[in-house]
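Q: Mind looking over this structure? Questions follow.
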Amino acid sequence: MSDRTVLITGAARGLGAVVARRFHDAGYKVALADIAIEPAQALARELSHDGSTACAFKIDVTFKADFEAARDALLERWGSIDALVNNAGASKVIPVMEITPEQFDQAIDVNLRSVLFGCQVLGQYFADRGTGRIVNIASLAGQNGGSATGAHYAAAKGGAITLTKVFARDLAPYGVTVNAISPGPLDLPIVHESVPADKLQKVIAGIPVGKLGSATYVADVAVLLASADAYFANGACWDVNGGLFMR
Ligand SMILES: NC(=O)c1ccc[n+]([C@@H]2O[C@H](COP(=O)([O-])OP(=O)(O)OC[C@H]3O[C@@H](n4cnc5c(N)ncnc54)[C@H](O)[C@@H]3O)[C@@H](O)[C@H]2O)c1
């Protein structure tokens, strides 16, 4: 695996940082792309003090040109890219009737346009190369409307799952697979920061397995889907939600 390279968005903290660590553990060279460049650089340095197997790029995933710049910079640095994890996202709890047009657009920008642009830019590169893996981090909210998240976020994540299917279908003949992972609430800082403690206890009590999800496990699913022999897993939404949503 030592020659494989992955680009991970939103890798400065939270799930993206765990995904970066697990890909690095699996022998990948990892590019940590985030709008928060300093923590991304710090993690890259921690993973690889000389930058030989980890590096950081500033990216705003709401701009297609930023994906193009990251692709070009990474190709110049390491010569090839094998996988993309579209992980960057953001959510805010706002009652559906109170969501403003600006808040709606913002949620769509960071959670959905980002997936479109990542799949377009890296998907085209992978298709030209004849091989590639894309993993889109969606959410249980995109399947069931969400519980501790906003409707705008849930709608965007539902769109990300749909885009996953479209790109999976269109890119499959070129050796490129595209899958989504839909986690339920994970044991991550953002969950503890954004959900009041009493509400979080109720959320946990409602999860059939009785606990929050493991970010490490979700990261390992991403590594599995990015492997070269994962060619038959395509267009799927991988549910990791403790039994909150079954189909
Ligand atoms: N935490 C959960 O329980 C949970 C559950 C389901 C899905 N998810 C999804 O997992 C992904 C990661 O979430 P998290 O919990 O780690 O959140 P987080 O807020 O801790 O981390 C998000 C990261 O994305 C980066 N980011 C935000 N906007 C960006 C932009 N415009 N351009 C580039 N980077 C940007 C942030 O700087 C941050 O490093 C998101 O897509 C989220 O929707 C999380």
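In the structure tokens, each chain is lettered A, B, ... as it comes, each chain's residues begin at 1, and ligands are numbered from 1 in order of appearance.
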Ligand 1: which residues are within 8 Å, counting only C-alpha atoms and all ligand atoms, as a PyMOL selection string?

A: chain A and resi 9-17+33-36+40+58-62+86-91+109-111+114+137-141+153+157+182-191+213

Q: Show me, as a ChimeraX atom specification, the residues that have an atom within 12 Å of Pro95 of chain A when counting only C-alpha atoms, minus same-chain residues fewer than 5 positions from it.

A: /A:100,103-104,146-153

Q: Save out the residues we just selected, all heavy atoms, as a short mmCIF file (atom, residue, chain, number, x, y, z; two decimals), in the first residue's frame.

A:
```cif
data_model
loop_
_atom_site.label_atom_id
_atom_site.label_comp_id
_atom_site.auth_asym_id
_atom_site.auth_seq_id
_atom_site.Cartn_x
_atom_site.Cartn_y
_atom_site.Cartn_z
N THR A 100 -33.05 30.46 7.59
CA THR A 100 -33.08 31.57 6.63
C THR A 100 -32.52 31.10 5.28
O THR A 100 -31.80 30.08 5.22
CB THR A 100 -32.21 32.74 7.13
OG1 THR A 100 -30.84 32.29 7.15
CG2 THR A 100 -32.62 33.21 8.52
N GLN A 103 -28.80 30.73 5.58
CA GLN A 103 -28.38 29.52 6.33
C GLN A 103 -28.56 28.26 5.48
O GLN A 103 -27.74 27.35 5.51
CB GLN A 103 -29.18 29.40 7.63
CG GLN A 103 -28.77 30.43 8.67
CD GLN A 103 -29.77 30.55 9.81
OE1 GLN A 103 -30.95 30.22 9.66
NE2 GLN A 103 -29.31 31.02 10.94
N PHE A 104 -29.63 28.23 4.72
CA PHE A 104 -29.87 27.07 3.87
C PHE A 104 -28.76 26.96 2.83
O PHE A 104 -28.16 25.88 2.63
CB PHE A 104 -31.24 27.18 3.19
CG PHE A 104 -31.65 25.91 2.49
CD1 PHE A 104 -32.23 24.87 3.19
CD2 PHE A 104 -31.41 25.73 1.13
CE1 PHE A 104 -32.58 23.68 2.56
CE2 PHE A 104 -31.75 24.54 0.49
CZ PHE A 104 -32.34 23.52 1.21
N GLY A 146 -32.79 13.38 10.27
CA GLY A 146 -31.97 13.88 11.38
C GLY A 146 -32.74 14.02 12.69
O GLY A 146 -33.97 14.11 12.69
N SER A 147 -31.97 14.00 13.78
CA SER A 147 -32.58 14.18 15.10
C SER A 147 -31.92 15.37 15.79
O SER A 147 -32.57 16.37 16.10
CB SER A 147 -32.44 12.91 15.93
OG SER A 147 -31.15 12.36 15.77
N ALA A 148 -30.61 15.31 15.95
CA ALA A 148 -29.89 16.40 16.61
C ALA A 148 -29.23 17.32 15.60
O ALA A 148 -28.23 17.96 15.89
CB ALA A 148 -28.87 15.82 17.57
N THR A 149 -29.77 17.40 14.37
CA THR A 149 -29.16 18.26 13.35
C THR A 149 -30.25 19.05 12.63
O THR A 149 -31.43 18.75 12.77
CB THR A 149 -28.41 17.42 12.30
OG1 THR A 149 -29.31 16.44 11.79
CG2 THR A 149 -27.20 16.74 12.88
N GLY A 150 -29.85 20.04 11.85
CA GLY A 150 -30.81 20.89 11.15
C GLY A 150 -31.32 20.25 9.86
O GLY A 150 -30.67 19.39 9.27
N ALA A 151 -32.50 20.73 9.42
CA ALA A 151 -33.12 20.20 8.21
C ALA A 151 -32.30 20.53 6.96
O ALA A 151 -32.27 19.74 6.01
CB ALA A 151 -34.53 20.77 8.06
N HIS A 152 -31.65 21.70 6.98
CA HIS A 152 -30.83 22.09 5.82
C HIS A 152 -29.64 21.13 5.67
O HIS A 152 -29.29 20.72 4.57
CB HIS A 152 -30.36 23.54 5.91
CG HIS A 152 -29.88 23.99 7.27
ND1 HIS A 152 -29.91 23.21 8.41
CD2 HIS A 152 -29.33 25.18 7.65
CE1 HIS A 152 -29.42 23.88 9.43
NE2 HIS A 152 -29.06 25.08 8.99
N TYR A 153 -29.06 20.77 6.82
CA TYR A 153 -27.96 19.79 6.83
C TYR A 153 -28.46 18.43 6.34
O TYR A 153 -27.83 17.78 5.50
CB TYR A 153 -27.43 19.69 8.26
CG TYR A 153 -26.44 18.58 8.52
CD1 TYR A 153 -25.10 18.71 8.20
CD2 TYR A 153 -26.87 17.39 9.14
CE1 TYR A 153 -24.19 17.68 8.48
CE2 TYR A 153 -25.97 16.37 9.42
CZ TYR A 153 -24.64 16.52 9.08
OH TYR A 153 -23.75 15.51 9.35
#
```

Q: Pick out the closest residue to Gln120 of chain A from this set: A:Leu225, A:Ile108, A:Ala156, A:Val166. Count only C-alpha atoms.

A: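 Distance minimum relative to Gln120 of chain A lands on A:Val166.
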
Q: Skipping near chain neighbours, those fewer than 5 positions away, what residues fall within 10 Å of Ser80 of chain A using only C-alpha atoms, listed as a PyMOL selection string?

A: chain A and resi 3-6+71-72+74-75+125-126+129

Q: If you keep C-alpha atoms, can you produce a file of those selected residues as a PDB file, in the first residue's frame?

A:
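Produced file part.pdb, reproduced below:
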```pdb
ATOM      1  CA  ASP A   3       2.566   4.032  -2.919  1.00  0.00           C
ATOM      2  CA  ARG A   4      -1.091   4.853  -2.460  1.00  0.00           C
ATOM      3  CA  THR A   5      -2.113   8.447  -1.851  1.00  0.00           C
ATOM      4  CA  VAL A   6      -5.352   9.849  -0.421  1.00  0.00           C
ATOM      5  CA  ARG A  71      -5.253  18.150  -7.073  1.00  0.00           C
ATOM      6  CA  ASP A  72      -2.490  19.949  -8.964  1.00  0.00           C
ATOM      7  CA  LEU A  74      -0.706  16.965  -4.760  1.00  0.00           C
ATOM      8  CA  LEU A  75       0.192  15.628  -8.211  1.00  0.00           C
ATOM      9  CA  TYR A 125      -8.712  12.758 -12.875  1.00  0.00           C
ATOM     10  CA  PHE A 126      -9.417   9.187 -11.711  1.00  0.00           C
ATOM     11  CA  ARG A 129      -6.237   7.452 -15.129  1.00  0.00           C
TER      12      ARG A 129
END
```

Q: Which residues in segment 19-218 of chain A does DSSP call alpha helix (DSSP H)? List them as a ChimeraX atom specification.

A: /A:19-25,37-47,64-78,101-108,114-129,141-144,151-171,189-194,197-205,215-218
